[in-house]
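The next block holds one structure in the form of structure tokens; read it before the comments.
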Amino acid sequence: MSSDLTQNELSEEELRELIPQLQQLTDKYKRAERVQKALFDISELASSVSHLNRLYSAIHEIIGDFMNADNFFVAFYERDANIIDFAYFVDEFDEQTVKQLPADQLMDGITGYILKTGNHIFFNHDDVHLFSEETGVQLFGSQPEQLLGVPLKRGTQVIGAMVVQTYDADVTYTQEDLEVLLFVSQHIVTTVDRVKNRELTERTIRERTRQLRQINDDLQEEILERQKVESLQQALFEISELAANLEGDMNAFYSSLHDILARLISAPNCFIATLDDTKEYLEFPYFSDTQAESAERRPLGLGLTEFVLRSGQAELINPPRVLELAEQGELDVSVAQNMLNSANSWLGSPLVVDGEISGVIAVQTYGKHAKYTSRDLELLRFVSHHIAVAMERKRSTEAIQRYNSELEERVKERTAELDRANQFLKQQIEERKEIELKLIHDAHHDALTDLPNRSMFTSRLELAIASKQRHPENMFAVLFIDLDRFKVINDTLGHHAGDEFLVEVARRISLCIRGHDLLARLGGDEFVVLLDNFDDLADVEEVASRIIESISEPFVLDGKEMYSGASIGIAHLEAYYRTADEILRDADAAMYQAKTLGRGRQVLFDKSMRERLIEELELENEFRRALREEEFEYFLQPIVTLADKAPLYHEMYVRWQHPTYGKVAREQFRQVAEQSGLTLELDLFQLNKACELIVSQRNMPDAPQHIAVNVSINHLLQASLVNKIIAIIEQYEISPRELVFEFDENDLNRRSQYILPAIKKLKRAGITLVLDNFGSGLASLSYLFAYPFDYIKIDHRFVKSLPRSQRNLKLIQSVMLISEHLRFKVIAEGVDSQAQLDALKEIDCRYAQGKVLATSKPLNLQTVTSS
């Protein structure tokens, strides 16, 4: 037993040999425990630290527990900008003043080596030459005694580097220090990403909160402004009611006006001054003042009221302004002195009726603390116009009442004197004659403008043709006039304004021709002129120029200023004409040519125009046949995601290669479709082809996933047409999400108020919606807020000017900023050069379309379907 124990027990010498091994094992366990605690601390940092600056300093402290980390930095490589960002930098000798440096300056150094290779570095100053030869690294700045550098990776991608170094020769790093640094680096990237996301989220929340607060403030201001507008509208309504009231004398009328005005601005003192018939004296039909009982009639002088009459403008006059006007000689010195003594603040506005000043309405306050502002001035200026109209209506009403009373008396006297029977018979005869004359007149004249109508003009033109055949030396010409924007005026202002417009046009044209020339209205907005016996062909062009210039002047319709224009076709009456319809036809053809060349011009008819019209008619017939027999070519062009060059969707184009006319331009192609009324059929044709392509290519590699077609606005004006589109998609058994509809912004401008329900219905069906050519029309921003578009295509004219146009670049950035809040994406179309593409990448534009992005020519649909 004793011998066995002796054999199993270790000798003292053997135990002493085991002590270093046990100590080493203990140190290993302690180090492992510290590593585990460091990882736990790093994990805790992800949930407790809200700013990156505090995160990096905390990581620095954790790493300092394992090794000497007096010199430590963390750098991230931003590939898009090609810069290296030193997020955290602490060094005993080098002071990093620039946080971001171009990557090209550092790629040959230690940091660049780690970023390029993804390898770690264990550098020792004693092996500096061997280290440079093996790695090709150039050392910058103060060289450390030892350095450990490890990559920071997100998955397999190197995104940065973490480095510790020492300048103290007594401090050494071990392979275990490198392993610990490598192990810790794997967890730091996750922690940094989590802190970045939290910081971004908090910043987003603060920004949204600020925006909501701003929106609330704007709403409060709008509510206040609307309340003011409602008060103003109520006051104007009451003023109108006063003018329409037939009862009550003028004093009560003026007093009521004063009460209404006092609710809008401070008006404790108010007076109305009018010019007498001689316009040399001022009369005061109304005067209310706390410091005076009345104002006497007086000759015009240098008072405040006279100053407003001379200037013709509303005036705000305070003591400083009084001194200025007195020095200029506009006011009497005594008037200025009285105003200064009473600290007077005075507002006056002219009363203007039919462009003529008839008087002044004024309000005033006394005392230093009651002063009028420019807003009060604007308000009085606005209200004074309505007050002037009301006063004039009131005076006119009273005058009409007096006149009616007098007329009634005279009628009674005359009626008693006349023989009733004879008067009745005479009246019947007179009325019959007038009716007969009116019937004859109405049969040959336009009811609206009272101009000769088509029938009378044709008769006169037939006589001119007969005269030309008998006397070839006689000169005649027909001017066919078509007006611009007549339909717009009718649709926006109503038919009453449209009638006023036509009457004014007739008046203006009649002033441009001679007395013996004939002006007629054929109907709608078409007018014709027969020029009779002129001396020179240049005279006809001069008359046409005068008409175009006259029509281009502004029209005032229902208080709004509108503009129009005229296109004129000229046909000279030649001996070969036989009927009036022939020359009207040729003048109409010349007018059509004038409109085609850009409107607002005159064109003289020649025989080539008739041939061109025949050619256009033949082209329209050929288009109908080509659509029926599907003789078109189809192409697909991708919309590309700039980050990975992957296609977002493909847009379908339709091209027409005619065997006789050759390749028809895209604009002429769409114009022919619109003129022939086949726009809807063409759109449905493209939709069917897109659905066929999706079905035929569904299981093929690299097949287009989403096909876009251009859809006319006419499809959205009737619910049945929208249902027809959805029915076609269901018929092909494809998902609506595989289709993209593009709508042109210019089409939306014309009929936008009718199509919103239809667009929302397409959106609910799952179809992706795109607003094409954004920025080419008017009121574009309203579409971004009201319509549920998924993508917005910036018009190619904005992209074309890049990168030289910083203004257009800022506009695209603004739309991108709006897109973040309204949940749509921005596509830049018409990218045809690398410079344009680079400019778009600099502003982080995500999607684009254009020649420079296509790896080959636009994809031919026939080729795709056949393959």
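Chain lettering (A, B, ...) mirrors the order of the structure tokens, residue numbering begins at 1 for each chain separately, and ligand numbering begins at 1 in order of display.
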
Let's see if you can do this: from backbone DSSP, list all strand (DSSP E or B) residues in range 60-290 of chain A, as a ChimeraX atom specification. /A:71-78,83-90,100-102,121-124,146-154,157-166,269-275,281-288

| task | Identify, on the basis of only C-alpha atoms, every residue whose closest approach to Leu557 in chain A does not exceed 10 Å; exclude the query and any residue fewer than 3 positions from it along the same chain; express the result as a list in words. | result | Ile489, Leu493, His496, Ala497, Gly498, Asp499, Glu500, Phe501, Glu504, Pro554, Lys560, Glu561 and Met562 of chain A

Correct to one decimal, the distance CA of Leu461 in chain A-CA of Ser567 in chain A is 21.2 Å

Quick one: everything within 8 Å of range 843-846 of chain A, counting only C-alpha atoms, minus sequence neighbours fewer than 6 positions away in the same chain. Send it as a JSON list (two decimals) with N, CA and C atoms, in the first residue's frame.
[["chain", "number", "residue", "atom", "x", "y", "z"],
["A", 641, "THR", "N", -31.75, 50.39, -63.32],
["A", 641, "THR", "CA", -31.34, 50.75, -61.96],
["A", 641, "THR", "C", -29.84, 51.03, -61.98],
["A", 642, "LEU", "N", -29.43, 52.25, -61.69],
["A", 642, "LEU", "CA", -28.02, 52.64, -61.87],
["A", 642, "LEU", "C", -27.09, 51.91, -60.93],
["A", 643, "ALA", "N", -27.58, 51.44, -59.79],
["A", 643, "ALA", "CA", -26.69, 50.79, -58.82],
["A", 643, "ALA", "C", -26.12, 49.49, -59.37],
["A", 813, "GLN", "N", -32.90, 67.26, -58.17],
["A", 813, "GLN", "CA", -32.71, 66.92, -56.76],
["A", 813, "GLN", "C", -33.95, 67.25, -55.94],
["A", 816, "MET", "N", -36.49, 64.62, -56.38],
["A", 816, "MET", "CA", -36.08, 63.42, -55.64],
["A", 816, "MET", "C", -36.36, 63.57, -54.15],
["A", 826, "VAL", "N", -38.06, 58.39, -58.87],
["A", 826, "VAL", "CA", -37.75, 59.33, -59.94],
["A", 826, "VAL", "C", -36.90, 58.62, -60.99],
["A", 827, "ILE", "N", -37.29, 58.78, -62.27],
["A", 827, "ILE", "CA", -36.55, 58.23, -63.41],
["A", 827, "ILE", "C", -36.11, 59.40, -64.28],
["A", 828, "ALA", "N", -34.84, 59.43, -64.64],
["A", 828, "ALA", "CA", -34.32, 60.45, -65.56],
["A", 828, "ALA", "C", -34.31, 59.84, -66.95]]
